[in-house]
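Below is one structure; the comments refer to it alone.
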Amino acid sequence: MRRLRKTDNNRIAKACGAVIVNRPDELQQSDVGTGAGIFEVKKIGDEFFAFIVDCKEPKACTVLLRGPSKDLLNEVERNLQDAMSVARNILKNPKLVPGGGATELTVSATLKQKSSSVEGIEKWPYEAAAIAFEAIPRTFFGSELRGECD
């Protein structure tokens, strides 16, 4: 392959398990990557792409995104990056917090329960905070319902 970018060269070396050397006389047998299965070059559209498939222990991959416009591709790339970050975070720390205002409603219910055990003026902050936490899901569902009616 000619005119290979340094980043692409590093990715190929990582995928194959190879070590990059600067001069051929420095090359040792242990530097040769044997982790790649098949290396093929395919033409997609007007460009050529190199694919390394069937690797023994893959440590890198590429996602090829194509689309009708740069704006759409940028949006797809951001969404894909977000999704991959979510997947990585779940693998690192497999805990989820429910969405849709469920956490806020749980906090509100807990504050209301606590307010029932307190008397007088001390009860007011609990009730006020509970109402404030309910505003978040109320706003969310209110906008969702308005969107359905349009």
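Chains: A, B, ... in order of the structure tokens. Residues: from 1 per chain. Ligands: from 1, in order shown.
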
Using only C-alpha atoms, tabulate the residues of segment 35-126 of chain A lying at most 8 Å from any atom of segment 130-139 of chain A, each with its closest atom pair and that distance in Å to one decimal, by chain and increasing residue number, as CSV.
residue,atom,partner,partner_atom,distance
A:Gly100,CA,A:Pro137,CA,6.6
A:Gly101,CA,A:Pro137,CA,4.5
A:Ala102,CA,A:Pro137,CA,7.7
A:Glu104,CA,A:Phe133,CA,5.4
A:Leu105,CA,A:Glu134,CA,5.9
A:Val107,CA,A:Phe133,CA,7.1
A:Ser108,CA,A:Ala130,CA,4.1
A:Ala109,CA,A:Ala130,CA,7.0
A:Leu111,CA,A:Ala130,CA,5.6
A:Lys112,CA,A:Ala130,CA,6.2
A:Tyr126,CA,A:Ala130,CA,6.1

Selection export as a PDB file, in the first residue's frame, atoms kept: N, CA and C atoms:
ATOM      1  N   GLY A 100     -37.262   9.273  31.586  1.00  0.00           N
ATOM      2  CA  GLY A 100     -38.653   9.697  31.493  1.00  0.00           C
ATOM      3  C   GLY A 100     -39.195  10.298  32.774  1.00  0.00           C
ATOM      4  N   GLY A 101     -38.316  10.779  33.663  1.00  0.00           N
ATOM      5  CA  GLY A 101     -38.775  11.395  34.899  1.00  0.00           C
ATOM      6  C   GLY A 101     -39.000  10.418  36.036  1.00  0.00           C
ATOM      7  N   ALA A 102     -38.659   9.130  35.848  1.00  0.00           N
ATOM      8  CA  ALA A 102     -38.887   8.130  36.896  1.00  0.00           C
ATOM      9  C   ALA A 102     -38.072   8.434  38.151  1.00  0.00           C
ATOM     10  N   GLU A 104     -37.000  11.394  39.183  1.00  0.00           N
ATOM     11  CA  GLU A 104     -37.562  12.579  39.819  1.00  0.00           C
ATOM     12  C   GLU A 104     -38.856  12.248  40.564  1.00  0.00           C
ATOM     13  N   LEU A 105     -39.693  11.387  39.977  1.00  0.00           N
ATOM     14  CA  LEU A 105     -40.935  10.993  40.655  1.00  0.00           C
ATOM     15  C   LEU A 105     -40.649  10.176  41.910  1.00  0.00           C
ATOM     16  N   VAL A 107     -37.922  10.482  43.818  1.00  0.00           N
ATOM     17  CA  VAL A 107     -37.450  11.457  44.816  1.00  0.00           C
ATOM     18  C   VAL A 107     -38.639  12.225  45.384  1.00  0.00           C
ATOM     19  N   SER A 108     -39.574  12.626  44.533  1.00  0.00           N
ATOM     20  CA  SER A 108     -40.761  13.350  44.980  1.00  0.00           C
ATOM     21  C   SER A 108     -41.585  12.509  45.954  1.00  0.00           C
ATOM     22  N   ALA A 109     -41.799  11.243  45.622  1.00  0.00           N
ATOM     23  CA  ALA A 109     -42.578  10.360  46.498  1.00  0.00           C
ATOM     24  C   ALA A 109     -41.881  10.172  47.843  1.00  0.00           C
ATOM     25  N   LEU A 111     -39.833  12.324  49.304  1.00  0.00           N
ATOM     26  CA  LEU A 111     -39.970  13.580  50.046  1.00  0.00           C
ATOM     27  C   LEU A 111     -41.375  13.733  50.628  1.00  0.00           C
ATOM     28  N   LYS A 112     -42.400  13.347  49.870  1.00  0.00           N
ATOM     29  CA  LYS A 112     -43.773  13.411  50.391  1.00  0.00           C
ATOM     30  C   LYS A 112     -43.948  12.476  51.580  1.00  0.00           C
ATOM     31  N   TYR A 126     -40.125  20.050  52.525  1.00  0.00           N
ATOM     32  CA  TYR A 126     -40.261  18.727  51.906  1.00  0.00           C
ATOM     33  C   TYR A 126     -41.329  18.750  50.814  1.00  0.00           C
TER      34      TYR A 126
END

Could you pull out the alpha helix (DSSP H) residues of chain A from DSSP and send them as a PDB file with N, CA and C atoms, in the first residue's frame?
ATOM      1  N   LYS A   6      -0.271   7.987   8.753  1.00  0.00           N
ATOM      2  CA  LYS A   6       0.322   7.396   9.957  1.00  0.00           C
ATOM      3  C   LYS A   6      -0.755   6.780  10.851  1.00  0.00           C
ATOM      4  N   THR A   7      -1.903   7.453  10.981  1.00  0.00           N
ATOM      5  CA  THR A   7      -2.981   6.917  11.820  1.00  0.00           C
ATOM      6  C   THR A   7      -3.517   5.610  11.245  1.00  0.00           C
ATOM      7  N   ASP A   8      -3.662   5.552   9.918  1.00  0.00           N
ATOM      8  CA  ASP A   8      -4.126   4.311   9.288  1.00  0.00           C
ATOM      9  C   ASP A   8      -3.097   3.204   9.466  1.00  0.00           C
ATOM     10  N   ASN A   9      -1.829   3.559   9.338  1.00  0.00           N
ATOM     11  CA  ASN A   9      -0.753   2.588   9.521  1.00  0.00           C
ATOM     12  C   ASN A   9      -0.793   2.017  10.943  1.00  0.00           C
ATOM     13  N   ASN A  10      -1.008   2.876  11.929  1.00  0.00           N
ATOM     14  CA  ASN A  10      -1.098   2.418  13.321  1.00  0.00           C
ATOM     15  C   ASN A  10      -2.301   1.499  13.525  1.00  0.00           C
ATOM     16  N   ARG A  11      -3.417   1.821  12.881  1.00  0.00           N
ATOM     17  CA  ARG A  11      -4.616   0.987  13.019  1.00  0.00           C
ATOM     18  C   ARG A  11      -4.407  -0.392  12.397  1.00  0.00           C
ATOM     19  N   ILE A  12      -3.775  -0.425  11.240  1.00  0.00           N
ATOM     20  CA  ILE A  12      -3.505  -1.711  10.584  1.00  0.00           C
ATOM     21  C   ILE A  12      -2.571  -2.544  11.450  1.00  0.00           C
ATOM     22  N   ALA A  13      -1.545  -1.916  12.002  1.00  0.00           N
ATOM     23  CA  ALA A  13      -0.612  -2.637  12.874  1.00  0.00           C
ATOM     24  C   ALA A  13      -1.330  -3.182  14.101  1.00  0.00           C
ATOM     25  N   LYS A  14      -2.227  -2.388  14.670  1.00  0.00           N
ATOM     26  CA  LYS A  14      -2.972  -2.829  15.846  1.00  0.00           C
ATOM     27  C   LYS A  14      -3.894  -3.999  15.513  1.00  0.00           C
ATOM     28  N   ALA A  15      -4.551  -3.928  14.367  1.00  0.00           N
ATOM     29  CA  ALA A  15      -5.465  -4.995  13.961  1.00  0.00           C
ATOM     30  C   ALA A  15      -4.732  -6.303  13.693  1.00  0.00           C
ATOM     31  N   CYS A  16      -3.512  -6.208  13.185  1.00  0.00           N
ATOM     32  CA  CYS A  16      -2.745  -7.407  12.816  1.00  0.00           C
ATOM     33  C   CYS A  16      -1.834  -7.907  13.929  1.00  0.00           C
ATOM     34  N   LYS A  70     -22.985  16.039   3.933  1.00  0.00           N
ATOM     35  CA  LYS A  70     -22.040  16.130   5.055  1.00  0.00           C
ATOM     36  C   LYS A  70     -22.776  16.376   6.362  1.00  0.00           C
ATOM     37  N   ASP A  71     -23.823  17.199   6.327  1.00  0.00           N
ATOM     38  CA  ASP A  71     -24.576  17.496   7.541  1.00  0.00           C
ATOM     39  C   ASP A  71     -25.206  16.235   8.113  1.00  0.00           C
ATOM     40  N   LEU A  72     -25.817  15.434   7.258  1.00  0.00           N
ATOM     41  CA  LEU A  72     -26.429  14.191   7.705  1.00  0.00           C
ATOM     42  C   LEU A  72     -25.372  13.223   8.236  1.00  0.00           C
ATOM     43  N   LEU A  73     -24.246  13.133   7.547  1.00  0.00           N
ATOM     44  CA  LEU A  73     -23.167  12.261   8.010  1.00  0.00           C
ATOM     45  C   LEU A  73     -22.624  12.708   9.357  1.00  0.00           C
ATOM     46  N   ASN A  74     -22.480  14.007   9.555  1.00  0.00           N
ATOM     47  CA  ASN A  74     -22.012  14.513  10.848  1.00  0.00           C
ATOM     48  C   ASN A  74     -22.983  14.161  11.960  1.00  0.00           C
ATOM     49  N   GLU A  75     -24.280  14.272  11.680  1.00  0.00           N
ATOM     50  CA  GLU A  75     -25.299  13.925  12.669  1.00  0.00           C
ATOM     51  C   GLU A  75     -25.265  12.430  12.983  1.00  0.00           C
ATOM     52  N   VAL A  76     -25.156  11.608  11.956  1.00  0.00           N
ATOM     53  CA  VAL A  76     -25.079  10.153  12.158  1.00  0.00           C
ATOM     54  C   VAL A  76     -23.829   9.805  12.960  1.00  0.00           C
ATOM     55  N   GLU A  77     -22.719  10.456  12.644  1.00  0.00           N
ATOM     56  CA  GLU A  77     -21.476  10.190  13.373  1.00  0.00           C
ATOM     57  C   GLU A  77     -21.614  10.563  14.851  1.00  0.00           C
ATOM     58  N   ARG A  78     -22.226  11.704  15.148  1.00  0.00           N
ATOM     59  CA  ARG A  78     -22.437  12.105  16.550  1.00  0.00           C
ATOM     60  C   ARG A  78     -23.335  11.104  17.271  1.00  0.00           C
ATOM     61  N   ASN A  79     -24.405  10.674  16.611  1.00  0.00           N
ATOM     62  CA  ASN A  79     -25.309   9.700  17.229  1.00  0.00           C
ATOM     63  C   ASN A  79     -24.617   8.367  17.463  1.00  0.00           C
ATOM     64  N   LEU A  80     -23.820   7.928  16.494  1.00  0.00           N
ATOM     65  CA  LEU A  80     -23.079   6.679  16.651  1.00  0.00           C
ATOM     66  C   LEU A  80     -22.072   6.792  17.788  1.00  0.00           C
ATOM     67  N   GLN A  81     -21.380   7.921  17.876  1.00  0.00           N
ATOM     68  CA  GLN A  81     -20.413   8.136  18.956  1.00  0.00           C
ATOM     69  C   GLN A  81     -21.111   8.099  20.312  1.00  0.00           C
ATOM     70  N   ASP A  82     -22.281   8.738  20.411  1.00  0.00           N
ATOM     71  CA  ASP A  82     -23.051   8.707  21.656  1.00  0.00           C
ATOM     72  C   ASP A  82     -23.447   7.282  22.015  1.00  0.00           C
ATOM     73  N   ALA A  83     -23.932   6.529  21.037  1.00  0.00           N
ATOM     74  CA  ALA A  83     -24.357   5.147  21.283  1.00  0.00           C
ATOM     75  C   ALA A  83     -23.182   4.277  21.716  1.00  0.00           C
ATOM     76  N   MET A  84     -22.029   4.466  21.086  1.00  0.00           N
ATOM     77  CA  MET A  84     -20.856   3.677  21.463  1.00  0.00           C
ATOM     78  C   MET A  84     -20.373   4.060  22.865  1.00  0.00           C
ATOM     79  N   SER A  85     -20.492   5.327  23.220  1.00  0.00           N
ATOM     80  CA  SER A  85     -20.119   5.755  24.573  1.00  0.00           C
ATOM     81  C   SER A  85     -21.055   5.151  25.612  1.00  0.00           C
ATOM     82  N   VAL A  86     -22.343   5.098  25.306  1.00  0.00           N
ATOM     83  CA  VAL A  86     -23.304   4.465  26.216  1.00  0.00           C
ATOM     84  C   VAL A  86     -22.962   2.990  26.392  1.00  0.00           C
ATOM     85  N   ALA A  87     -22.679   2.299  25.288  1.00  0.00           N
ATOM     86  CA  ALA A  87     -22.326   0.877  25.367  1.00  0.00           C
ATOM     87  C   ALA A  87     -21.062   0.675  26.200  1.00  0.00           C
ATOM     88  N   ARG A  88     -20.043   1.529  25.983  1.00  0.00           N
ATOM     89  CA  ARG A  88     -18.803   1.430  26.765  1.00  0.00           C
ATOM     90  C   ARG A  88     -19.077   1.658  28.250  1.00  0.00           C
ATOM     91  N   ASN A  89     -19.879   2.672  28.574  1.00  0.00           N
ATOM     92  CA  ASN A  89     -20.176   2.969  29.973  1.00  0.00           C
ATOM     93  C   ASN A  89     -20.935   1.836  30.642  1.00  0.00           C
ATOM     94  N   ILE A  90     -21.851   1.212  29.919  1.00  0.00           N
ATOM     95  CA  ILE A  90     -22.605   0.093  30.493  1.00  0.00           C
ATOM     96  C   ILE A  90     -21.692  -1.102  30.727  1.00  0.00           C
ATOM     97  N   LEU A  91     -20.746  -1.332  29.816  1.00  0.00           N
ATOM     98  CA  LEU A  91     -19.796  -2.428  30.012  1.00  0.00           C
ATOM     99  C   LEU A  91     -18.878  -2.157  31.201  1.00  0.00           C
ATOM    100  N   LYS A  92     -18.460  -0.910  31.375  1.00  0.00           N
ATOM    101  CA  LYS A  92     -17.577  -0.558  32.491  1.00  0.00           C
ATOM    102  C   LYS A  92     -18.315  -0.562  33.826  1.00  0.00           C
ATOM    103  N   ALA A 102     -38.659   9.130  35.848  1.00  0.00           N
ATOM    104  CA  ALA A 102     -38.887   8.130  36.896  1.00  0.00           C
ATOM    105  C   ALA A 102     -38.072   8.434  38.151  1.00  0.00           C
ATOM    106  N   THR A 103     -36.838   8.860  37.981  1.00  0.00           N
ATOM    107  CA  THR A 103     -35.995   9.180  39.136  1.00  0.00           C
ATOM    108  C   THR A 103     -36.578  10.365  39.900  1.00  0.00           C
ATOM    109  N   GLU A 104     -37.000  11.394  39.183  1.00  0.00           N
ATOM    110  CA  GLU A 104     -37.562  12.579  39.819  1.00  0.00           C
ATOM    111  C   GLU A 104     -38.856  12.248  40.564  1.00  0.00           C
ATOM    112  N   LEU A 105     -39.693  11.387  39.977  1.00  0.00           N
ATOM    113  CA  LEU A 105     -40.935  10.993  40.655  1.00  0.00           C
ATOM    114  C   LEU A 105     -40.649  10.176  41.910  1.00  0.00           C
ATOM    115  N   THR A 106     -39.612   9.350  41.880  1.00  0.00           N
ATOM    116  CA  THR A 106     -39.227   8.574  43.061  1.00  0.00           C
ATOM    117  C   THR A 106     -38.741   9.499  44.171  1.00  0.00           C
ATOM    118  N   VAL A 107     -37.922  10.482  43.818  1.00  0.00           N
ATOM    119  CA  VAL A 107     -37.450  11.457  44.816  1.00  0.00           C
ATOM    120  C   VAL A 107     -38.639  12.225  45.384  1.00  0.00           C
ATOM    121  N   SER A 108     -39.574  12.626  44.533  1.00  0.00           N
ATOM    122  CA  SER A 108     -40.761  13.350  44.980  1.00  0.00           C
ATOM    123  C   SER A 108     -41.585  12.509  45.954  1.00  0.00           C
ATOM    124  N   ALA A 109     -41.799  11.243  45.622  1.00  0.00           N
ATOM    125  CA  ALA A 109     -42.578  10.360  46.498  1.00  0.00           C
ATOM    126  C   ALA A 109     -41.881  10.172  47.843  1.00  0.00           C
ATOM    127  N   THR A 110     -40.557  10.047  47.823  1.00  0.00           N
ATOM    128  CA  THR A 110     -39.800   9.890  49.069  1.00  0.00           C
ATOM    129  C   THR A 110     -39.913  11.149  49.927  1.00  0.00           C
ATOM    130  N   LEU A 111     -39.833  12.324  49.304  1.00  0.00           N
ATOM    131  CA  LEU A 111     -39.970  13.580  50.046  1.00  0.00           C
ATOM    132  C   LEU A 111     -41.375  13.733  50.628  1.00  0.00           C
ATOM    133  N   LYS A 112     -42.400  13.347  49.870  1.00  0.00           N
ATOM    134  CA  LYS A 112     -43.773  13.411  50.391  1.00  0.00           C
ATOM    135  C   LYS A 112     -43.948  12.476  51.580  1.00  0.00           C
ATOM    136  N   GLN A 113     -43.353  11.288  51.484  1.00  0.00           N
ATOM    137  CA  GLN A 113     -43.435  10.327  52.586  1.00  0.00           C
ATOM    138  C   GLN A 113     -42.738  10.898  53.819  1.00  0.00           C
ATOM    139  N   LYS A 114     -41.580  11.513  53.621  1.00  0.00           N
ATOM    140  CA  LYS A 114     -40.847  12.110  54.737  1.00  0.00           C
ATOM    141  C   LYS A 114     -41.639  13.266  55.337  1.00  0.00           C
ATOM    142  N   SER A 115     -42.333  14.049  54.486  1.00  0.00           N
ATOM    143  CA  SER A 115     -43.092  15.198  54.988  1.00  0.00           C
ATOM    144  C   SER A 115     -44.255  14.764  55.871  1.00  0.00           C
ATOM    145  N   SER A 116     -44.766  13.570  55.656  1.00  0.00           N
ATOM    146  CA  SER A 116     -45.880  13.101  56.488  1.00  0.00           C
ATOM    147  C   SER A 116     -45.435  12.773  57.909  1.00  0.00           C
ATOM    148  N   LYS A 123     -42.466  20.924  57.679  1.00  0.00           N
ATOM    149  CA  LYS A 123     -43.015  20.075  56.626  1.00  0.00           C
ATOM    150  C   LYS A 123     -42.966  20.767  55.259  1.00  0.00           C
ATOM    151  N   TRP A 124     -43.024  22.082  55.237  1.00  0.00           N
ATOM    152  CA  TRP A 124     -43.144  22.848  53.998  1.00  0.00           C
ATOM    153  C   TRP A 124     -41.983  22.641  53.019  1.00  0.00           C
ATOM    154  N   PRO A 125     -40.733  22.647  53.469  1.00  0.00           N
ATOM    155  CA  PRO A 125     -39.645  22.435  52.494  1.00  0.00           C
ATOM    156  C   PRO A 125     -39.724  21.081  51.787  1.00  0.00           C
ATOM    157  N   TYR A 126     -40.125  20.050  52.525  1.00  0.00           N
ATOM    158  CA  TYR A 126     -40.261  18.727  51.906  1.00  0.00           C
ATOM    159  C   TYR A 126     -41.329  18.750  50.814  1.00  0.00           C
ATOM    160  N   GLU A 127     -42.471  19.366  51.140  1.00  0.00           N
ATOM    161  CA  GLU A 127     -43.565  19.425  50.171  1.00  0.00           C
ATOM    162  C   GLU A 127     -43.190  20.288  48.957  1.00  0.00           C
ATOM    163  N   ALA A 128     -42.509  21.405  49.202  1.00  0.00           N
ATOM    164  CA  ALA A 128     -42.109  22.288  48.103  1.00  0.00           C
ATOM    165  C   ALA A 128     -41.110  21.587  47.180  1.00  0.00           C
ATOM    166  N   ALA A 129     -40.150  20.886  47.765  1.00  0.00           N
ATOM    167  CA  ALA A 129     -39.162  20.165  46.954  1.00  0.00           C
ATOM    168  C   ALA A 129     -39.837  19.036  46.176  1.00  0.00           C
ATOM    169  N   ALA A 130     -40.804  18.350  46.809  1.00  0.00           N
ATOM    170  CA  ALA A 130     -41.519  17.265  46.127  1.00  0.00           C
ATOM    171  C   ALA A 130     -42.269  17.801  44.908  1.00  0.00           C
ATOM    172  N   ILE A 131     -42.910  18.939  45.065  1.00  0.00           N
ATOM    173  CA  ILE A 131     -43.636  19.553  43.948  1.00  0.00           C
ATOM    174  C   ILE A 131     -42.658  19.970  42.848  1.00  0.00           C
ATOM    175  N   ALA A 132     -41.508  20.504  43.253  1.00  0.00           N
ATOM    176  CA  ALA A 132     -40.504  20.926  42.265  1.00  0.00           C
ATOM    177  C   ALA A 132     -39.988  19.736  41.464  1.00  0.00           C
ATOM    178  N   PHE A 133     -39.749  18.608  42.125  1.00  0.00           N
ATOM    179  CA  PHE A 133     -39.274  17.422  41.401  1.00  0.00           C
ATOM    180  C   PHE A 133     -40.338  16.876  40.454  1.00  0.00           C
ATOM    181  N   GLU A 134     -41.611  17.043  40.789  1.00  0.00           N
ATOM    182  CA  GLU A 134     -42.682  16.582  39.902  1.00  0.00           C
ATOM    183  C   GLU A 134     -42.794  17.451  38.648  1.00  0.00           C
ATOM    184  N   ALA A 135     -42.286  18.667  38.712  1.00  0.00           N
ATOM    185  CA  ALA A 135     -42.382  19.574  37.562  1.00  0.00           C
ATOM    186  C   ALA A 135     -41.581  19.061  36.370  1.00  0.00           C
ATOM    187  N   ILE A 136     -40.492  18.357  36.636  1.00  0.00           N
ATOM    188  CA  ILE A 136     -39.637  17.871  35.542  1.00  0.00           C
ATOM    189  C   ILE A 136     -40.383  16.855  34.673  1.00  0.00           C
ATOM    190  N   PRO A 137     -40.920  15.762  35.245  1.00  0.00           N
ATOM    191  CA  PRO A 137     -41.666  14.830  34.376  1.00  0.00           C
ATOM    192  C   PRO A 137     -42.958  15.441  33.825  1.00  0.00           C
ATOM    193  N   ARG A 138     -43.565  16.350  34.587  1.00  0.00           N
ATOM    194  CA  ARG A 138     -44.786  16.999  34.098  1.00  0.00           C
ATOM    195  C   ARG A 138     -44.468  17.811  32.838  1.00  0.00           C
ATOM    196  N   THR A 139     -43.360  18.512  32.850  1.00  0.00           N
ATOM    197  CA  THR A 139     -42.938  19.283  31.676  1.00  0.00           C
ATOM    198  C   THR A 139     -42.630  18.352  30.515  1.00  0.00           C
ATOM    199  N   PHE A 140     -41.917  17.274  30.820  1.00  0.00           N
ATOM    200  CA  PHE A 140     -41.549  16.309  29.782  1.00  0.00           C
ATOM    201  C   PHE A 140     -42.788  15.703  29.134  1.00  0.00           C
ATOM    202  N   PHE A 141     -43.697  15.191  29.948  1.00  0.00           N
ATOM    203  CA  PHE A 141     -44.880  14.544  29.390  1.00  0.00           C
ATOM    204  C   PHE A 141     -45.836  15.549  28.774  1.00  0.00           C
ATOM    205  N   GLY A 142     -45.860  16.762  29.300  1.00  0.00           N
ATOM    206  CA  GLY A 142     -46.701  17.798  28.703  1.00  0.00           C
ATOM    207  C   GLY A 142     -46.270  18.108  27.287  1.00  0.00           C
ATOM    208  N   SER A 143     -44.958  18.228  27.071  1.00  0.00           N
ATOM    209  CA  SER A 143     -44.469  18.522  25.717  1.00  0.00           C
ATOM    210  C   SER A 143     -44.654  17.320  24.800  1.00  0.00           C
ATOM    211  N   GLU A 144     -44.536  16.124  25.339  1.00  0.00           N
ATOM    212  CA  GLU A 144     -44.760  14.921  24.531  1.00  0.00           C
ATOM    213  C   GLU A 144     -46.218  14.829  24.093  1.00  0.00           C
ATOM    214  N   LEU A 145     -47.124  15.121  25.009  1.00  0.00           N
ATOM    215  CA  LEU A 145     -48.545  15.042  24.665  1.00  0.00           C
ATOM    216  C   LEU A 145     -48.922  16.117  23.655  1.00  0.00           C
ATOM    217  N   ARG A 146     -48.353  17.317  23.804  1.00  0.00           N
ATOM    218  CA  ARG A 146     -48.647  18.368  22.826  1.00  0.00           C
ATOM    219  C   ARG A 146     -48.138  17.966  21.448  1.00  0.00           C
ATOM    220  N   GLY A 147     -47.001  17.295  21.392  1.00  0.00           N
ATOM    221  CA  GLY A 147     -46.444  16.851  20.114  1.00  0.00           C
ATOM    222  C   GLY A 147     -47.328  15.820  19.440  1.00  0.00           C
ATOM    223  N   GLU A 148     -47.988  14.982  20.232  1.00  0.00           N
ATOM    224  CA  GLU A 148     -48.871  13.960  19.675  1.00  0.00           C
ATOM    225  C   GLU A 148     -50.116  14.581  19.042  1.00  0.00           C
ATOM    226  N   CYS A 149     -50.575  15.689  19.610  1.00  0.00           N
ATOM    227  CA  CYS A 149     -51.808  16.303  19.117  1.00  0.00           C
ATOM    228  C   CYS A 149     -51.590  17.112  17.852  1.00  0.00           C
TER     229      CYS A 149
END

### Message
For the structure I just gave you, how does DSSP split segment 15-150 of chain A - specifically, which residues are strand (DSSP E or B)? Reply as a list in words.
### Response
Ile38, Phe39, Glu40, Val41, Lys42, Lys43, Ile44, Glu47, Phe48, Phe49, Ala50, Phe51, Ile52 and Val53 of chain A

Generate a file of the selected residues that holds C-alpha atoms, formatted as an mmCIF file, in the first residue's frame.
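The result, stored in result-v6.cif:
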data_model
loop_
_atom_site.group_PDB
_atom_site.id
_atom_site.type_symbol
_atom_site.label_atom_id
_atom_site.label_comp_id
_atom_site.auth_asym_id
_atom_site.auth_seq_id
_atom_site.Cartn_x
_atom_site.Cartn_y
_atom_site.Cartn_z
ATOM 1 C CA ILE A 38 -7.854 -11.732 4.979
ATOM 2 C CA PHE A 39 -6.647 -8.390 3.620
ATOM 3 C CA GLU A 40 -8.682 -7.030 0.741
ATOM 4 C CA VAL A 41 -9.107 -3.731 -1.058
ATOM 5 C CA LYS A 42 -12.606 -2.800 -2.197
ATOM 6 C CA LYS A 43 -13.866 0.124 -4.224
ATOM 7 C CA ILE A 44 -16.882 1.821 -2.669
ATOM 8 C CA GLU A 47 -12.759 5.535 -3.287
ATOM 9 C CA PHE A 48 -10.738 2.454 -2.406
ATOM 10 C CA PHE A 49 -10.867 1.037 1.117
ATOM 11 C CA ALA A 50 -8.662 -1.583 2.755
ATOM 12 C CA PHE A 51 -10.396 -4.244 4.843
ATOM 13 C CA ILE A 52 -8.776 -6.653 7.265
ATOM 14 C CA VAL A 53 -11.269 -9.376 8.164
#

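The neighbours of Asp31 of chain A here are the residues that come within 8 Å of it, using only C-alpha atoms and leaving out any residue fewer than 5 positions away in the same chain; they are Ala18, Val19, Ile20 and Val21 of chain A.
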
Those same residues, written as a PDB file, in the first residue's frame with N, CA and C atoms?
ATOM      1  N   ALA A  18       1.008  -6.273  14.601  1.00  0.00           N
ATOM      2  CA  ALA A  18       2.347  -6.002  14.068  1.00  0.00           C
ATOM      3  C   ALA A  18       3.011  -4.866  14.834  1.00  0.00           C
ATOM      4  N   VAL A  19       4.327  -4.768  14.664  1.00  0.00           N
ATOM      5  CA  VAL A  19       5.104  -3.666  15.223  1.00  0.00           C
ATOM      6  C   VAL A  19       5.638  -2.858  14.046  1.00  0.00           C
ATOM      7  N   ILE A  20       5.457  -1.550  14.088  1.00  0.00           N
ATOM      8  CA  ILE A  20       5.924  -0.691  13.000  1.00  0.00           C
ATOM      9  C   ILE A  20       7.420  -0.442  13.176  1.00  0.00           C
ATOM     10  N   VAL A  21       8.167  -0.668  12.106  1.00  0.00           N
ATOM     11  CA  VAL A  21       9.609  -0.390  12.106  1.00  0.00           C
ATOM     12  C   VAL A  21       9.893   0.647  11.026  1.00  0.00           C
TER      13      VAL A  21
END
